[in-house]
Amino acid sequence: MHNVAVLLSIGRHPVSGRARRAATDAQALEMALALRPRRLTAIHAGPATDTEALRAYLGMGLERLTLLTLPEGTDPIEPLIAHLRQFDPSVVLTGRQAEDGEGSGMLPYLIARGLDAAVVPDVVRIGPTNAPDAMAGAADLVQALPRGQRRALTATGRFVATIHPSAPPARASAFGPARRGVIEPVAAQATADLFLSDCEHRPWRPKPKLMRVKRGGSALDRLKAATESKSGKGQLLVNPTAEAGALAIYDSLVEQGMLP
Amino acid sequence: MIATALTTVVLAVLAIGAALAAWQSRRWLAGRPATVGVVAGLRALPGRYLVDVHHVVGRTPFNARFHALAAGGFLAAIGLLVAMGVGLAGWRIVWLLLAVVLAAMLAGSLMVWHRRRVVRPRELSQGRFARLPVSLLGFSACLLVVSLDQSLGGVMPEALALVLVAIAGLALADLVWGVWKGPLKHAVHGALHLAFHPRPARFHDGKGRDTGLKPLPLAPAEDAGLAEPGALGVERPVDFAWNRLLGFDACVQCGRCETACPAYAAGLPLNPKKLVQDLVAAMDSQASDAAYAGNPHPGRGVGNAHGGAALPLIGPDAMIHPDTLWSCTTCRACVQECPMMIEHVDAVVDLRRFQTLELGATPGKAAVMLEELRATDNPGGRALSRRWDWAADLSLPRLPAGGFCDTLLWVGDGAFDLRVQRSLRALVVLLRRAGVDFAVLGDEELDCGDVARRLGDEATFQSLATRNVATLNARRFNRIVTADPHALHTLRNEYPAFGGNWTVVHHTALLLELITNGALTVTRPVGRSVTFHDPCYLGRYNGEIEAPRALLDAIGVERREMLRSGLRSSCCGGGGGAPLTDVSGERRIPDVRMEHVRETGASMVAVACPNCALMLEGVVGPRPEVAEIAELVLAATETAR
Ligand code: SF4
Ligand code: SF4
């Protein structure tokens, strides 16, 4: 693993919507830095907006970062593949899902297809292999599975790994190195992302939970009643008037026994 | 013959002392440049010594007395001896005078002996300091005999007199040798430090108090001609300004700071005296703390720390362990007690600035908090609109840009916390009851940046400060009132550097005013025994210790004082980001403070700061009740229904 590339996106804070380093991408960079590769290529592809947020990655001790400047509304996959081919990395690391844009989690798969590499999703640890008979350049990986389970894998040849949130936390970003680090813009061509431009954009809201008041029973029962969301039996009001909405809430509170 | 021998010895030793001090000066002169008023400083020196230093030393009258006798006698004796060297030698009256000052010095020396050899307070350093009373006694006693004899005409055999002079000369040599690394270093360096102090405004010839941190220039100076901005904060001893290094060198290892430090009391790995001595030792090129003979940082031994003037100060094997640096609550108790006017907190913050801004080495939860703060402008990463959830039913008036109100209420980040919301509600109800014309900023109120700044994140602080100043300057009001002393200090003392100059008052001062002018009437005096815990950022940082007490008296509490109160109060452990860096010790700082509360026997402790409320309420087990002062005032001014 002498030649590692890491793909870094611009994240969005879920509450403020402000541009920031994306959480799992930062963990991917953390992992890449911990590997101490002979060559580390960090790439961001996207329009030249909010690129100051990329400095947060530089603040982690990355000296330079390539910015593939794309026109607004274009698909970064092709330019990323083209750029990565020049470097011929043995490992490509990235977060499991972007915090902005499509955020579909497809990018690593498409990149891997373009590079003719394997994909290992949800990785929490990477290291050179311990197996004595392994080929040179093979790597031991630990993959996160649901419910806290882990699976050990050995990868030979080129692979793309996506990083799981339970991987080691990213180190803090420091202001000094962030402003000294270099962002190298490289203009790139890309095709318009028709899928994205077709999508309707709207702020994300958590799915509302239906509240149930449950008295008595064990503490576990009450906790379940308070935290589990139950489907059905709800009433969906789309763009109600203030009065209609308030009335529905009032009725529901009376029904739940929270109001007399 | 005797006189010649004597003056020769004295002049020779003094010359050696001066040479030693000059040689020592290259250590602190290696620091970064600083602008100081040399002439003004030297002129202010005697006044600062007699007023400001005496004010601190005088808190322990015995020490003040022996210092006056020993040091005054010593200086006078040296002056007379030098005068004899230049031609007053034959006069008996001069010998008599010399005998008088030496007698004073002898008395002082005996008191020093008593303190260092008999009482032996824990906080005093041993080692070279243990020899101090011997040398003082040797010098004063031997010369006293000689000078008495000479003033009577010289009846002693000359040989005996010469032996006595020789002993005195040796003792003097030991004292003056102390200019190098021993007790007398503080005399030379302390005097220079008073003259060239980095915060001249703290003395009586300035404003008398100067506690705000100085902005760290983030933008590279245009004229510097550097291609790249340099490192921020202090990494190595030579990164301190020279007059700051000089200040550390003035430390006399009296241990007053150690006795006052809440972190030390709780067994956290921080002893401010050792911290300063670590900085002093690190000024040498091949440095180690092996020669340090005082109490260590709790839980850490002495002798394992190594460093040098151009080596990093902070690190697991360096001069100062990171846990030591991050244990400090920035409470200023050490600064308040230090007779040498050393600014420990400035040193801590400068060291933290490098750790945070250059290395991103802020420990654990503090780093997470800073990242959320940068992304959302509040430490919890919450929506700014949620700061007002607690007031949904209070319909607080919001002050729009261009608007005017009499009093602007700055609620602070405590407003996100359930406990603090209770006291904020009390304050709002009181303002309404008293008919105060007030408003809040609403979603445009950002975190004031206090914690970020104390954690060394000057960049985030300055970003918040500039935006808050712009928001506030776009509105007109007569004053800002806040219940958070940290916000008070930041807005009042640290925002002026960013263009914010307003009247900022603490809610205790405002409530007192409302009771005094009759806007609030006390109907139900509290009638319980209450002790008041002074918030560091209200008391030591702003000198406001009277208003809260007058307020408590006005609502009819039976007020009891803790041993440590007022300007000498002890911290709750909530300042300087300490709850976030969360260095573990033998005990928790708030538990120690609650012990002080229990000692008074009061049934309740009144607090005037959201951090204090949270820290003290977090003390488990049976304990006195914790009440925010506004809650008490609310209950006491309830109108009968
Ligand atoms: S500021 Fe407070 S906690 Fe920090 S060293 Fe001084 S006394 Fe100790
Ligand atoms: S820093 Fe000040 S208070 Fe502390 S030991 Fe030194 S001189 Fe005394």
# chains A, B, ... in the order shown; residues from 1 in each chain; ligands from 1
$ interface_residues --of "chain B" --to "chain A" --cutoff "8 Å" --atoms "only C-alpha atoms" --output "ChimeraX atom specification"
/B:228-229,231-232,356-362,367-368,371,375-376,381-383,459
$ residues_near_ligand --ligand "ligand 2" --cutoff "10 Å" --atoms "only C-alpha atoms and all ligand atoms" --output "VMD selection string"
chain B and resid 56 123 to 125 186 190 247 to 261 271 to 277 294 333 to 344
$ atom_distance --atom1 "CA of Ala188 in chain A" --atom2 "CA of Thr66 in chain A"
11.4 Å
$ residues_around --residues "range 139-141 of chain A" --least-positions-apart "5" --cutoff "10 Å" --atoms "only C-alpha atoms" --output "list in words"
Met1, Val91, Val120, Val123, Val124, Arg125, Ile126, Gly127, Pro128, Thr129, Asn130, Ala131, Ala134, Arg151, Ala152, Leu153, Thr154, Ala155, Thr156, Gly157, Arg158, Phe159 and Ala161 of chain A
$ atom_distance --atom1 "CA of Trp28 in chain B" --atom2 "CA of Pro322 in chain B"
23.6 Å
$ closest_residue --among "B:Leu472, B:Leu394, B:Cys331, B:Ile16" --to "ligand 1" --atoms "only C-alpha atoms and all ligand atoms"
B:Cys331
$ select_by_dssp --residues "range 101-147 of chain A" --states "strand (DSSP E or B)" --output "PyMOL selection string"
chain A and resi 118-128+139-144
$ closest_residue --among "B:Ala305, B:Ala602, B:Leu29, B:Leu634" --to "Ile555 in chain B" --atoms "only C-alpha atoms"
B:Leu634
$ atom_distance --atom1 "CA of Gly245 in chain A" --atom2 "CA of Lys224 in chain A"
27.1 Å
